[in-house]
>>> print(open('protein-v4.txt').read())   # compact mmCIF, C-alpha atoms
# COMPACT_ATOMS: atom_id res chain seq x y z
CA MET A 8 -30.30 6.43 51.31
CA VAL A 9 -29.00 9.98 51.15
CA ILE A 10 -26.01 8.97 53.22
CA ALA A 11 -25.38 5.95 51.00
CA MET A 12 -25.45 8.14 47.91
CA PHE A 13 -23.11 10.62 49.48
CA ASP A 14 -20.77 7.80 50.39
CA ASP A 15 -20.86 6.44 46.87
CA THR A 16 -20.01 9.87 45.48
CA LYS A 17 -17.03 10.16 47.78
CA LEU A 18 -16.02 6.58 47.08
CA ARG A 19 -16.32 7.17 43.38
CA GLN A 20 -14.12 10.24 43.53
CA HIS A 21 -11.52 8.33 45.51
CA ALA A 22 -11.64 5.34 43.15
CA PHE A 23 -11.43 7.71 40.19
CA ASP A 24 -8.35 9.44 41.61
CA VAL A 25 -6.67 6.09 42.25
CA ALA A 26 -7.41 4.82 38.73
CA ALA A 27 -6.45 8.14 37.17
CA SER A 28 -2.99 8.01 38.76
CA VAL A 29 -2.03 4.74 37.03
CA VAL A 30 0.73 5.41 34.52
CA ASP A 31 1.36 4.02 31.06
CA PRO A 32 4.06 1.34 31.49
CA GLU A 33 5.70 2.34 28.20
CA ILE A 34 5.61 6.10 28.84
CA PRO A 35 5.68 6.41 32.63
CA VAL A 36 5.30 10.22 32.65
CA LEU A 37 1.75 9.89 31.36
CA THR A 38 -1.14 8.77 33.51
CA ILE A 39 -4.07 7.04 31.88
CA ALA A 40 -6.07 10.18 32.58
CA ASP A 41 -3.52 12.26 30.62
CA LEU A 42 -3.75 9.76 27.78
CA GLY A 43 -7.52 9.91 27.69
CA VAL A 44 -7.75 6.15 28.16
CA LEU A 45 -9.73 6.41 31.39
CA ARG A 46 -13.37 6.82 30.44
CA ASP A 47 -15.43 6.33 33.54
CA VAL A 48 -15.49 5.01 37.09
CA THR A 49 -18.71 3.82 38.68
CA VAL A 50 -19.46 2.55 42.15
CA ASP A 51 -22.37 0.24 42.74
CA GLU A 52 -22.87 -0.93 46.34
CA GLY A 53 -19.18 -0.53 47.00
CA ARG A 54 -18.09 -2.39 43.86
CA VAL A 55 -15.94 -0.34 41.54
CA GLU A 56 -16.02 -0.62 37.79
CA VAL A 57 -13.47 1.24 35.72
CA THR A 58 -14.04 1.76 32.00
CA ILE A 59 -11.10 2.22 29.69
CA THR A 60 -10.67 2.51 25.92
CA PRO A 61 -7.72 0.96 24.13
CA THR A 62 -5.33 3.24 22.27
CA TYR A 63 -3.85 1.22 19.40
CA SER A 64 -5.39 -2.11 18.40
CA GLY A 65 -2.26 -4.05 19.14
CA CYS A 66 -0.93 -2.08 22.10
CA PRO A 67 0.44 -4.64 24.57
CA ALA A 68 0.40 -2.01 27.32
CA MET A 69 -3.40 -2.28 27.60
CA ASN A 70 -3.25 -5.62 29.45
CA MET A 71 -0.65 -4.18 31.78
CA ILE A 72 -2.74 -1.06 32.37
CA THR A 73 -5.77 -3.18 33.25
CA LEU A 74 -3.72 -5.13 35.76
CA GLU A 75 -2.21 -1.95 37.23
CA ILE A 76 -5.63 -0.40 37.74
CA GLU A 77 -6.90 -3.48 39.57
CA LEU A 78 -3.79 -3.60 41.74
CA ALA A 79 -3.91 0.12 42.54
CA LEU A 80 -7.55 -0.13 43.59
CA GLN A 81 -6.88 -3.22 45.67
CA ARG A 82 -4.06 -1.43 47.49
CA GLU A 83 -6.58 1.27 48.42
CA GLY A 84 -8.96 -1.31 49.81
CA PHE A 85 -11.38 -1.63 46.89
CA ARG A 86 -12.15 -5.30 46.58
CA ASP A 87 -13.52 -6.89 43.41
CA ALA A 88 -12.69 -3.85 41.30
CA LYS A 89 -13.40 -4.60 37.68
CA VAL A 90 -11.93 -3.06 34.56
CA ARG A 91 -14.12 -2.99 31.49
CA THR A 92 -12.74 -2.23 28.04
CA VAL A 93 -15.04 -0.44 25.61
CA LEU A 94 -14.19 0.12 21.97
CA ALA A 95 -16.77 2.71 21.01
CA PRO A 96 -16.28 5.55 20.53
CA ALA A 97 -12.73 4.85 19.40
CA TRP A 98 -9.86 6.58 21.15
CA THR A 99 -7.90 9.13 19.19
CA THR A 100 -4.79 11.12 20.09
CA ASP A 101 -7.11 14.14 20.37
CA TRP A 102 -8.17 12.73 23.73
CA MET A 103 -4.75 13.36 25.18
CA SER A 104 -4.86 16.25 27.62
CA GLU A 105 -2.88 19.48 27.24
CA GLU A 106 -1.08 18.51 30.42
CA GLY A 107 -0.25 15.15 28.83
CA ARG A 108 1.16 16.81 25.71
CA ARG A 109 3.33 19.10 27.82
CA LYS A 110 4.64 16.17 29.91
CA LEU A 111 5.40 14.15 26.77
CA ALA A 112 7.46 16.97 25.26
CA GLU A 113 9.36 17.45 28.52
CA TYR A 114 10.06 13.72 28.55
CA GLY A 115 11.62 13.96 25.09
CA ILE A 116 8.77 12.65 22.98
CA ALA A 117 7.20 15.02 20.46
CA PRO A 118 3.44 15.10 21.22
CA PRO A 119 0.87 14.25 18.53
CA LYS A 120 -0.61 17.03 16.45
CA PRO A 121 -4.02 17.98 17.84
CA ALA A 122 -5.98 17.05 14.70
CA SER A 123 -6.27 13.32 14.18
CA SER A 124 -7.96 13.74 10.83
CA ARG A 125 -6.41 12.15 7.77
CA ARG A 126 -4.79 15.54 7.16
CA GLY A 127 -3.19 15.20 10.57
CA LEU A 128 -2.10 11.67 9.71
CA PHE A 129 -0.56 12.60 6.41
CA GLY A 130 -0.04 16.33 6.65
CA LYS A 131 3.33 17.66 5.70
CA ASP A 132 3.68 19.88 8.78
CA GLN A 133 6.95 19.54 10.54
CA VAL A 134 7.24 18.19 14.04
CA ALA A 135 9.15 20.30 16.55
CA CYS A 136 12.22 18.69 18.08
CA PRO A 137 11.48 18.09 21.79
CA GLN A 138 15.15 18.79 22.63
CA CYS A 139 15.86 22.13 20.94
CA GLY A 140 12.48 23.15 19.52
CA SER A 141 13.70 23.36 15.94
CA PHE A 142 11.23 22.61 13.16
CA ASP A 143 14.02 21.47 10.87
CA THR A 144 13.31 17.78 11.46
CA GLU A 145 12.81 14.69 9.32
CA VAL A 146 11.20 11.30 9.71
CA LEU A 147 13.57 8.32 9.91
CA SER A 148 10.94 5.61 10.22
CA GLU A 149 7.14 5.65 10.47
CA PHE A 150 7.40 2.78 12.91
CA GLY A 151 9.29 3.22 16.15
CA SER A 152 9.95 1.52 19.45
CA THR A 153 6.24 1.07 20.23
CA ALA A 154 3.07 0.97 18.15
CA CYS A 155 2.27 4.59 18.98
CA LYS A 156 5.59 6.15 18.01
CA ALA A 157 7.56 7.08 14.91
CA LEU A 158 11.29 7.74 14.82
CA TRP A 159 12.40 11.26 13.84
CA ARG A 160 15.65 13.19 13.70
CA CYS A 161 16.41 16.84 14.32
CA LYS A 162 18.63 18.38 11.67
CA THR A 163 19.56 21.30 13.92
CA CYS A 164 20.74 19.56 17.10
CA ARG A 165 21.24 16.20 15.34
CA GLU A 166 19.36 14.33 18.09
CA PRO A 167 17.02 11.49 17.15
CA PHE A 168 13.66 11.56 18.90
CA ASP A 169 10.35 9.74 19.18
CA TYR A 170 7.17 11.29 17.83
CA PHE A 171 3.82 10.16 19.24
CA LYS A 172 1.89 9.41 16.05
CA CYS A 173 -1.53 10.82 15.30
CA HIS A 174 -4.14 8.16 15.64
CA MET B 25 -3.63 -36.89 21.79
CA ALA B 26 -4.24 -33.79 19.75
CA THR B 27 -6.72 -31.26 21.06
CA GLU B 28 -10.10 -31.29 19.41
CA SER B 29 -11.11 -28.35 17.31
CA ILE B 30 -13.98 -26.18 18.50
CA LYS B 31 -17.47 -26.07 17.02
CA ILE B 32 -18.80 -22.73 15.85
CA SER B 33 -22.35 -21.59 15.22
CA GLU B 34 -21.70 -19.63 12.09
CA THR B 35 -24.44 -17.06 11.97
CA PRO B 36 -23.86 -14.48 9.21
CA LEU B 37 -22.42 -11.92 11.63
CA VAL B 38 -20.15 -14.44 13.36
CA LEU B 39 -18.88 -15.68 10.01
CA TYR B 40 -18.41 -12.17 8.66
CA THR B 41 -16.42 -11.11 11.71
CA LEU B 42 -14.33 -14.29 11.78
CA ARG B 43 -13.37 -13.87 8.13
CA ARG B 44 -11.92 -10.40 8.81
CA ALA B 45 -10.30 -11.59 12.03
CA ASP B 46 -8.66 -14.47 10.15
CA ASP B 47 -7.30 -12.08 7.50
CA ALA B 48 -5.68 -9.98 10.21
CA LEU B 49 -4.32 -12.90 12.23
CA VAL B 50 -2.85 -14.80 9.31
CA LEU B 51 -1.25 -11.75 7.72
CA GLY B 52 -0.02 -10.54 11.11
CA HIS B 53 1.54 -13.96 11.70
CA ARG B 54 3.23 -13.86 8.30
CA LEU B 55 4.74 -10.47 9.15
CA SER B 56 5.95 -11.75 12.51
CA GLU B 57 7.99 -14.37 10.63
CA TRP B 58 10.21 -11.48 9.46
CA CYS B 59 11.14 -10.55 13.02
CA GLY B 60 14.94 -10.46 13.16
CA HIS B 61 15.30 -11.10 9.40
CA ALA B 62 14.33 -7.84 7.72
CA PRO B 63 16.85 -6.08 5.47
CA MET B 64 17.50 -3.39 8.08
CA LEU B 65 16.60 -2.56 11.64
CA GLU B 66 14.00 0.12 10.85
CA GLU B 67 12.24 -2.28 8.51
CA ASP B 68 12.35 -5.06 11.06
CA MET B 69 10.53 -2.74 13.45
CA ALA B 70 8.11 -1.61 10.76
CA LEU B 71 7.12 -5.17 9.85
CA ALA B 72 6.77 -6.15 13.50
CA ASN B 73 4.69 -3.02 14.16
CA MET B 74 2.37 -3.71 11.25
CA GLY B 75 2.08 -7.31 12.40
CA LEU B 76 1.19 -6.10 15.88
CA ASP B 77 -1.49 -3.77 14.52
CA LEU B 78 -3.00 -6.69 12.62
CA LEU B 79 -2.82 -8.97 15.63
CA GLY B 80 -4.60 -6.31 17.68
CA GLN B 81 -7.33 -6.01 15.07
CA ALA B 82 -7.66 -9.80 15.02
CA ARG B 83 -8.04 -9.94 18.80
CA GLU B 84 -10.80 -7.33 18.83
CA LEU B 85 -12.63 -9.06 15.98
CA TYR B 86 -12.32 -12.53 17.53
CA SER B 87 -13.54 -11.24 20.88
CA TYR B 88 -16.50 -9.65 19.19
CA ALA B 89 -17.28 -12.83 17.22
CA ALA B 90 -17.19 -14.75 20.51
CA GLU B 91 -19.54 -12.23 22.11
CA VAL B 92 -22.00 -12.43 19.21
CA GLU B 93 -21.83 -16.20 19.09
CA GLY B 94 -22.30 -16.47 22.85
CA GLY B 95 -21.21 -20.11 22.86
CA GLY B 96 -18.26 -20.00 25.23
CA ASN B 97 -15.62 -19.53 22.55
CA ASP B 98 -13.07 -16.77 22.95
CA GLU B 99 -10.27 -15.12 20.98
CA ASP B 100 -7.74 -17.79 21.89
CA LYS B 101 -10.00 -20.69 20.98
CA PHE B 102 -10.75 -19.12 17.60
CA ALA B 103 -7.05 -18.70 16.90
CA TYR B 104 -5.68 -21.92 18.35
CA LEU B 105 -8.42 -24.49 18.10
CA ARG B 106 -9.71 -24.33 14.56
CA ASP B 107 -8.49 -26.52 11.74
CA VAL B 108 -7.39 -25.18 8.42
CA ARG B 109 -10.81 -25.73 6.81
CA GLN B 110 -12.42 -23.66 9.57
CA TYR B 111 -10.23 -20.66 8.74
CA ARG B 112 -11.94 -18.17 6.44
CA ASN B 113 -9.14 -15.77 5.51
CA LEU B 114 -8.31 -14.55 2.03
CA LEU B 115 -5.90 -16.72 0.07
CA LEU B 116 -3.73 -13.64 -0.46
CA VAL B 117 -2.75 -13.24 3.18
CA GLU B 118 -1.63 -16.84 3.68
CA GLN B 119 0.82 -16.78 0.77
CA PRO B 120 4.39 -17.29 1.99
CA ASN B 121 6.65 -14.31 2.61
CA GLY B 122 9.05 -15.25 -0.18
CA ASP B 123 11.59 -12.47 -0.63
CA PHE B 124 11.14 -8.96 0.71
CA ALA B 125 9.57 -7.76 -2.54
CA ARG B 126 6.92 -10.46 -2.36
CA THR B 127 6.09 -9.59 1.24
CA MET B 128 5.74 -5.94 0.29
CA VAL B 129 3.55 -6.62 -2.74
CA ARG B 130 1.25 -8.85 -0.68
CA GLN B 131 1.05 -6.21 2.03
CA PHE B 132 0.51 -3.43 -0.48
CA PHE B 133 -2.38 -5.24 -2.20
CA TYR B 134 -4.00 -5.99 1.14
CA SER B 135 -3.37 -2.65 2.87
CA ALA B 136 -4.59 -0.65 -0.12
CA PHE B 137 -7.81 -2.61 0.25
CA ALA B 138 -7.96 -2.57 4.07
CA ASP B 139 -7.53 1.20 4.10
CA LEU B 140 -10.65 1.68 1.96
CA TYR B 141 -12.53 -1.16 3.61
CA TRP B 142 -12.14 0.01 7.19
CA ARG B 143 -12.85 3.62 6.29
CA ALA B 144 -16.13 2.50 4.76
CA MET B 145 -16.87 0.23 7.73
CA MET B 146 -16.72 3.19 10.11
CA LYS B 147 -20.28 3.83 8.93
CA SER B 148 -21.43 0.32 9.89
CA LYS B 149 -24.64 0.22 11.91
CA ASP B 150 -22.91 -2.28 14.16
CA ALA B 151 -21.30 -0.05 16.80
CA THR B 152 -18.50 -2.50 17.68
CA LEU B 153 -17.50 -3.12 14.09
CA ALA B 154 -17.59 0.63 13.47
CA ALA B 155 -15.30 1.22 16.47
CA ILE B 156 -12.86 -1.48 15.38
CA ALA B 157 -12.95 0.09 11.92
CA ALA B 158 -12.09 3.51 13.33
CA LYS B 159 -8.84 2.12 14.79
CA SER B 160 -8.00 -0.14 11.88
CA GLU B 161 -8.56 2.58 9.31
CA LYS B 162 -5.77 4.74 10.71
CA GLU B 163 -3.43 1.79 11.10
CA SER B 164 -4.11 0.62 7.55
CA ALA B 165 -3.44 4.14 6.29
CA TYR B 166 0.06 3.99 7.76
CA HIS B 167 0.57 0.52 6.30
CA VAL B 168 -0.46 1.44 2.78
CA ARG B 169 1.74 4.51 2.82
CA HIS B 170 4.71 2.50 4.02
CA CYS B 171 4.22 -0.22 1.40
CA SER B 172 3.68 2.33 -1.37
CA GLU B 173 7.05 3.87 -0.62
CA TRP B 174 8.68 0.45 -0.81
CA MET B 175 6.88 -0.42 -4.06
CA VAL B 176 8.40 2.66 -5.67
CA ARG B 177 11.83 2.07 -4.19
CA LEU B 178 11.87 -1.57 -5.28
CA GLY B 179 10.18 -1.18 -8.65
CA ASP B 180 12.17 1.89 -9.64
CA GLY B 181 15.33 0.57 -7.98
CA THR B 182 17.82 -1.87 -9.41
CA GLU B 183 17.22 -4.35 -12.21
CA GLU B 184 17.16 -7.09 -9.60
CA SER B 185 14.65 -5.41 -7.28
CA HIS B 186 12.45 -4.45 -10.22
CA ALA B 187 12.39 -8.01 -11.55
CA ARG B 188 11.60 -9.50 -8.15
CA THR B 189 8.79 -7.04 -7.50
CA GLN B 190 7.29 -7.55 -10.95
CA THR B 191 7.37 -11.35 -10.47
CA ALA B 192 5.63 -10.98 -7.10
CA ILE B 193 2.91 -8.81 -8.67
CA ASP B 194 2.37 -11.33 -11.46
CA ASP B 195 2.22 -14.25 -9.01
CA LEU B 196 -0.07 -12.63 -6.43
CA TRP B 197 -2.44 -10.81 -8.77
CA ALA B 198 -4.88 -13.72 -9.03
CA PHE B 199 -5.44 -13.57 -5.26
CA THR B 200 -6.65 -9.95 -5.25
CA GLY B 201 -10.14 -10.59 -6.60
CA GLU B 202 -11.27 -12.41 -3.48
CA MET B 203 -11.08 -9.19 -1.44
CA PHE B 204 -14.01 -7.76 -3.37
CA GLU B 205 -16.29 -10.78 -3.34
CA ALA B 206 -19.31 -11.44 -1.17
CA ASP B 207 -21.66 -14.39 -0.72
CA ASP B 208 -25.36 -14.36 0.11
CA SER B 209 -24.83 -14.22 3.86
CA GLU B 210 -22.63 -11.14 3.47
CA ARG B 211 -25.01 -9.48 1.06
CA ALA B 212 -27.75 -9.79 3.67
CA LEU B 213 -25.51 -7.99 6.17
CA THR B 214 -24.76 -5.32 3.59
CA ASP B 215 -28.47 -4.78 3.03
CA ALA B 216 -28.87 -4.37 6.78
CA GLY B 217 -26.15 -1.70 6.85
CA ILE B 218 -23.81 -3.82 8.99
CA ALA B 219 -21.36 -4.79 6.28
CA ILE B 220 -20.29 -2.73 3.30
CA ASP B 221 -20.30 -3.67 -0.35
CA ALA B 222 -16.64 -4.54 -0.94
CA ALA B 223 -17.14 -4.77 -4.71
CA ALA B 224 -17.80 -1.03 -4.73
CA LEU B 225 -14.26 -0.43 -3.47
CA TRP B 226 -12.59 -2.15 -6.40
CA GLU B 227 -12.29 0.86 -8.70
CA GLU B 228 -10.68 3.05 -6.07
CA TRP B 229 -8.38 0.20 -5.05
CA LEU B 230 -7.32 -0.29 -8.65
CA MET B 231 -6.65 3.43 -8.99
CA THR B 232 -4.37 3.46 -5.93
CA VAL B 233 -2.57 0.32 -7.04
CA SER B 234 -2.19 1.55 -10.63
CA ASP B 235 -0.85 4.93 -9.56
CA VAL B 236 1.79 3.42 -7.32
CA ALA B 237 2.68 0.74 -9.86
CA SER B 238 3.15 3.32 -12.61
CA GLU B 239 5.34 5.49 -10.39
CA ALA B 240 7.29 2.34 -9.59
CA THR B 241 7.64 1.51 -13.32
CA LEU B 242 5.83 -1.77 -12.66
CA ALA B 243 3.08 -3.28 -14.79
CA LEU B 244 -0.18 -4.73 -13.55
CA PRO B 245 -1.26 -8.00 -15.16
CA LYS B 246 -4.03 -7.85 -17.74
CA SER B 247 -5.53 -11.12 -16.59
CA ASP B 248 -8.82 -10.90 -14.74
CA TRP B 249 -8.97 -14.57 -13.80
CA MET B 250 -9.12 -14.70 -10.03
CA GLN B 251 -8.56 -17.55 -7.59
CA ARG B 252 -11.03 -17.94 -4.75
CA GLY B 253 -11.68 -20.37 -1.91
CA GLY B 254 -10.32 -18.91 1.32
CA ARG B 255 -13.64 -17.40 2.39
CA SER B 256 -15.27 -20.83 2.30
CA GLY B 257 -12.35 -22.65 3.92
CA ARG B 258 -10.62 -23.98 0.79
CA HIS B 259 -7.03 -22.94 1.23
CA SER B 260 -3.65 -23.28 -0.41
CA GLU B 261 -1.29 -25.79 1.20
CA HIS B 262 0.55 -22.94 2.93
CA LEU B 263 -2.07 -22.20 5.58
CA GLY B 264 -1.81 -25.65 7.17
CA HIS B 265 1.91 -25.20 7.71
CA LEU B 266 1.38 -21.75 9.15
CA LEU B 267 -1.25 -23.03 11.58
CA SER B 268 0.84 -25.97 12.68
CA GLU B 269 3.39 -23.46 13.93
CA LEU B 270 0.86 -20.96 15.29
CA GLN B 271 -1.10 -23.63 17.14
CA SER B 272 1.65 -26.02 18.19
CA MET B 273 1.60 -25.13 21.89
CA GLN B 274 -2.16 -25.45 22.36
CA ARG B 275 -2.33 -28.59 20.25
CA THR B 276 0.55 -30.22 22.14
CA PHE B 277 -0.35 -29.05 25.64
CA PRO B 278 -4.14 -28.58 25.62
CA GLY B 279 -5.24 -25.64 27.74
CA VAL B 280 -1.71 -24.48 28.53
CA ALA B 281 -1.78 -20.95 30.00
CA TRP B 282 0.79 -18.27 30.79
>>> encode(input="protein-v4.txt", output="structure tokens")
Amino acid sequence: MVIAMFDDTKLRQHAFDVAASVVDPEIPVLTIADLGVLRDVTVDEGRVEVTITPTYSGCPAMNMITLEIELALQREGFRDAKVRTVLAPAWTTDWMSEEGRRKLAEYGIAPPKPASSRRGLFGKDQVACPQCGSFDTEVLSEFGSTACKALWRCKTCREPFDYFKCH
Amino acid sequence: MATESIKISETPLVLYTLRRADDALVLGHRLSEWCGHAPMLEEDMALANMGLDLLGQARELYSYAAEVEGGGNDEDKFAYLRDVRQYRNLLLVEQPNGDFARTMVRQFFYSAFADLYWRAMMKSKDATLAAIAAKSEKESAYHVRHCSEWMVRLGDGTEESHARTQTAIDDLWAFTGEMFEADDSERALTDAGIAIDAAALWEEWLMTVSDVASEATLALPKSDWMQRGGRSGRHSEHLGHLLSELQSMQRTFPGVAW
């Protein structure tokens, strides 16, 4: 029994690492661990179950992410891996890791403000341009190329950029 | 031969959830009709994005209704295999897009309500509904802000845009009362802390709508006569046409899959 438990712990860690390395198909610099979408991985008698939480209600990437997790686990030899989606508690952009925020900015997308309160949603704070760092920026459209992004423009370097909306 | 419609065991919770899912699906579908036709690219994306949010909310609600019902139905069956009389959405959301002003007024009336509704529903004792509410509340907040900006721009814009927006308000006003109504089965859920009392949201809704309308130099109708029927499956002629498009694939090729 002790050996079995030890094996499960090691298996779980391995399965977790595999699942955690799956990237968001829309923003391939972010893993689902960076995003905070990956909630839990359990192993029961060798069967892996991965629990994830959807980001935006209508995000089409969630189906893709589910498929990618199953494929990644299969490639590592985990058969019958299952992905379970849980809604509660609801994901917010606060679950994105510091590492994730840094990677987003480097990729050219302004990361969400840390507070996802209604103040965060509608606060008047300026968003820093991910290209030049200037705070002299303005919103062009609340709705951008994907459900999670808004379109902004930097008035200093004149570059348009995506902003990952607070949610 | 046309596919048969599904049977549903409408317990109060199933019915309650389906009604909200139908609101989101039908309105989301209406917004999707704008895809490629909006007055400018940013607005095309905005309408599609709002439609996608609503479709996502509908999917979560349908899936939950299926889980509660436990009768082998699923989100797709609810969307594709119910006849018009089985749909329980508000009459407001099925009204045709009309011109851009009409679409915005319809969205503004609904989003101003949805914003308050979902925020209140975050306190539901039903953990799934509360979680769906937590997502939908933020999405609705973006929607109502977006529509409010357009209301002001259109109402306080040109003579033409003002007139069109005012006409849309006058025409759609009678469909707003249904958002705040409840029947006995819903009142029982409210007593149990699962649903919220929508009627209690009316004053705040009216305040939001009045504030925006006055900034937009638009007038709200004085009439308090309200049309109802959607919640019990009595719809305007428009929903049937919408469903015939939405359901055409499943009705023509039963069980077709990707």
>>> interface_residues(input="protein-v4.txt", of="chain B", to="chain A", cutoff="10 Å", atoms="only C-alpha atoms", output="number ranges by chain")
B: 66-84, 151-163, 165-167, 169-170
>>> closest_residue(input="protein-v4.txt", among="B:Glu205, B:Glu28, B:Glu57, B:Asp150", to="Gly254 (chain B)", atoms="all atoms listed in the file")
B:Glu205
>>> closest_atom_pairs(input="protein-v4.txt", of="region 19-98 of chain A", to="region 102-115 of chain A", cutoff="6 Å", atoms="all atoms listed in the file", output="CSV")
residue,atom,partner,partner_atom,distance
A:Asp41,CA,A:Gly107,CA,4.7
A:Leu42,CA,A:Met103,CA,4.6
A:Gly43,CA,A:Trp102,CA,4.9
>>> residues_around(input="protein-v4.txt", residues="Tyr40 (chain B)", least_positions_apart="3", cutoff="12 Å", atoms="all atoms listed in the file", output="JSON, numbers by chain")
{"B": [34, 35, 36, 37, 43, 44, 45, 46, 47, 85, 86, 88, 89, 92, 93, 111, 112, 113, 153, 206, 207, 208, 209, 210, 211, 212, 213, 214, 218, 219, 220, 255, 256]}
>>> write_last_selection(input="protein-v4.txt", atoms="C-alpha atoms", output="compact mmCIF listing (two decimals), in the coordinates of the input")
# COMPACT_ATOMS: atom_id res chain seq x y z
CA GLU B 34 -21.70 -19.63 12.09
CA THR B 35 -24.44 -17.06 11.97
CA PRO B 36 -23.86 -14.48 9.21
CA LEU B 37 -22.42 -11.92 11.63
CA ARG B 43 -13.37 -13.87 8.13
CA ARG B 44 -11.92 -10.40 8.81
CA ALA B 45 -10.30 -11.59 12.03
CA ASP B 46 -8.66 -14.47 10.15
CA ASP B 47 -7.30 -12.08 7.50
CA LEU B 85 -12.63 -9.06 15.98
CA TYR B 86 -12.32 -12.53 17.53
CA TYR B 88 -16.50 -9.65 19.19
CA ALA B 89 -17.28 -12.83 17.22
CA VAL B 92 -22.00 -12.43 19.21
CA GLU B 93 -21.83 -16.20 19.09
CA TYR B 111 -10.23 -20.66 8.74
CA ARG B 112 -11.94 -18.17 6.44
CA ASN B 113 -9.14 -15.77 5.51
CA LEU B 153 -17.50 -3.12 14.09
CA ALA B 206 -19.31 -11.44 -1.17
CA ASP B 207 -21.66 -14.39 -0.72
CA ASP B 208 -25.36 -14.36 0.11
CA SER B 209 -24.83 -14.22 3.86
CA GLU B 210 -22.63 -11.14 3.47
CA ARG B 211 -25.01 -9.48 1.06
CA ALA B 212 -27.75 -9.79 3.67
CA LEU B 213 -25.51 -7.99 6.17
CA THR B 214 -24.76 -5.32 3.59
CA ILE B 218 -23.81 -3.82 8.99
CA ALA B 219 -21.36 -4.79 6.28
CA ILE B 220 -20.29 -2.73 3.30
CA ARG B 255 -13.64 -17.40 2.39
CA SER B 256 -15.27 -20.83 2.30
>>> residues_around(input="protein-v4.txt", residues="Ile59 (chain A)", least_positions_apart="3", cutoff="7 Å", atoms="all atoms listed in the file", output="MDAnalysis selection string")
chainID A and resid 44:46 91:93
>>> atom_distance(input="protein-v4.txt", atom1="CA of Thr100 (chain A)", atom2="CA of Trp229 (chain B)")
27.6 Å
>>> residues_near_point(input="protein-v4.txt", point="(-6.2, -2.3, -16.4)", cutoff="10 Å", atoms="only C-alpha atoms", output="JSON, numbers by chain")
{"B": [230, 231, 234, 243, 244, 245, 246, 247, 248]}
>>> atom_distance(input="protein-v4.txt", atom1="CA of Phe85 (chain A)", atom2="CA of Lys17 (chain A)")
13.1 Å
>>> atom_distance(input="protein-v4.txt", atom1="CA of Tyr170 (chain A)", atom2="CA of Val168 (chain B)")
19.5 Å
>>> decode(input="protein-v4.txt", residues="region 134-145 of chain A", atoms="N, CA and C atoms", output="PDB file, in the first residue's frame")
ATOM      1  N   VAL A 134      -3.519  52.001 -18.560  1.00  0.00           N
ATOM      2  CA  VAL A 134      -2.823  50.742 -18.811  1.00  0.00           C
ATOM      3  C   VAL A 134      -1.488  51.083 -19.460  1.00  0.00           C
ATOM      4  N   ALA A 135      -0.419  50.442 -18.968  1.00  0.00           N
ATOM      5  CA  ALA A 135       0.903  50.741 -19.530  1.00  0.00           C
ATOM      6  C   ALA A 135       1.077  50.065 -20.888  1.00  0.00           C
ATOM      7  N   CYS A 136       1.635  50.796 -21.825  1.00  0.00           N
ATOM      8  CA  CYS A 136       1.900  50.231 -23.155  1.00  0.00           C
ATOM      9  C   CYS A 136       2.946  49.119 -23.030  1.00  0.00           C
ATOM     10  N   PRO A 137       2.662  47.920 -23.535  1.00  0.00           N
ATOM     11  CA  PRO A 137       3.626  46.819 -23.401  1.00  0.00           C
ATOM     12  C   PRO A 137       4.864  47.013 -24.290  1.00  0.00           C
ATOM     13  N   GLN A 138       4.793  47.971 -25.231  1.00  0.00           N
ATOM     14  CA  GLN A 138       5.943  48.203 -26.115  1.00  0.00           C
ATOM     15  C   GLN A 138       6.930  49.183 -25.477  1.00  0.00           C
ATOM     16  N   CYS A 139       6.435  50.357 -25.072  1.00  0.00           N
ATOM     17  CA  CYS A 139       7.365  51.386 -24.586  1.00  0.00           C
ATOM     18  C   CYS A 139       7.166  51.725 -23.108  1.00  0.00           C
ATOM     19  N   GLY A 140       6.127  51.176 -22.484  1.00  0.00           N
ATOM     20  CA  GLY A 140       5.936  51.396 -21.057  1.00  0.00           C
ATOM     21  C   GLY A 140       5.205  52.681 -20.709  1.00  0.00           C
ATOM     22  N   SER A 141       4.873  53.478 -21.700  1.00  0.00           N
ATOM     23  CA  SER A 141       4.197  54.740 -21.435  1.00  0.00           C
ATOM     24  C   SER A 141       2.794  54.502 -20.873  1.00  0.00           C
ATOM     25  N   PHE A 142       2.382  55.416 -19.985  1.00  0.00           N
ATOM     26  CA  PHE A 142       1.014  55.335 -19.457  1.00  0.00           C
ATOM     27  C   PHE A 142       0.064  56.240 -20.238  1.00  0.00           C
ATOM     28  N   ASP A 143       0.599  56.908 -21.234  1.00  0.00           N
ATOM     29  CA  ASP A 143      -0.240  57.788 -22.057  1.00  0.00           C
ATOM     30  C   ASP A 143      -0.915  56.942 -23.146  1.00  0.00           C
ATOM     31  N   THR A 144      -1.961  56.209 -22.727  1.00  0.00           N
ATOM     32  CA  THR A 144      -2.608  55.261 -23.629  1.00  0.00           C
ATOM     33  C   THR A 144      -4.106  55.507 -23.626  1.00  0.00           C
ATOM     34  N   GLU A 145      -4.792  55.001 -24.636  1.00  0.00           N
ATOM     35  CA  GLU A 145      -6.255  55.160 -24.666  1.00  0.00           C
ATOM     36  C   GLU A 145      -6.906  53.901 -25.242  1.00  0.00           C
TER      37      GLU A 145
END
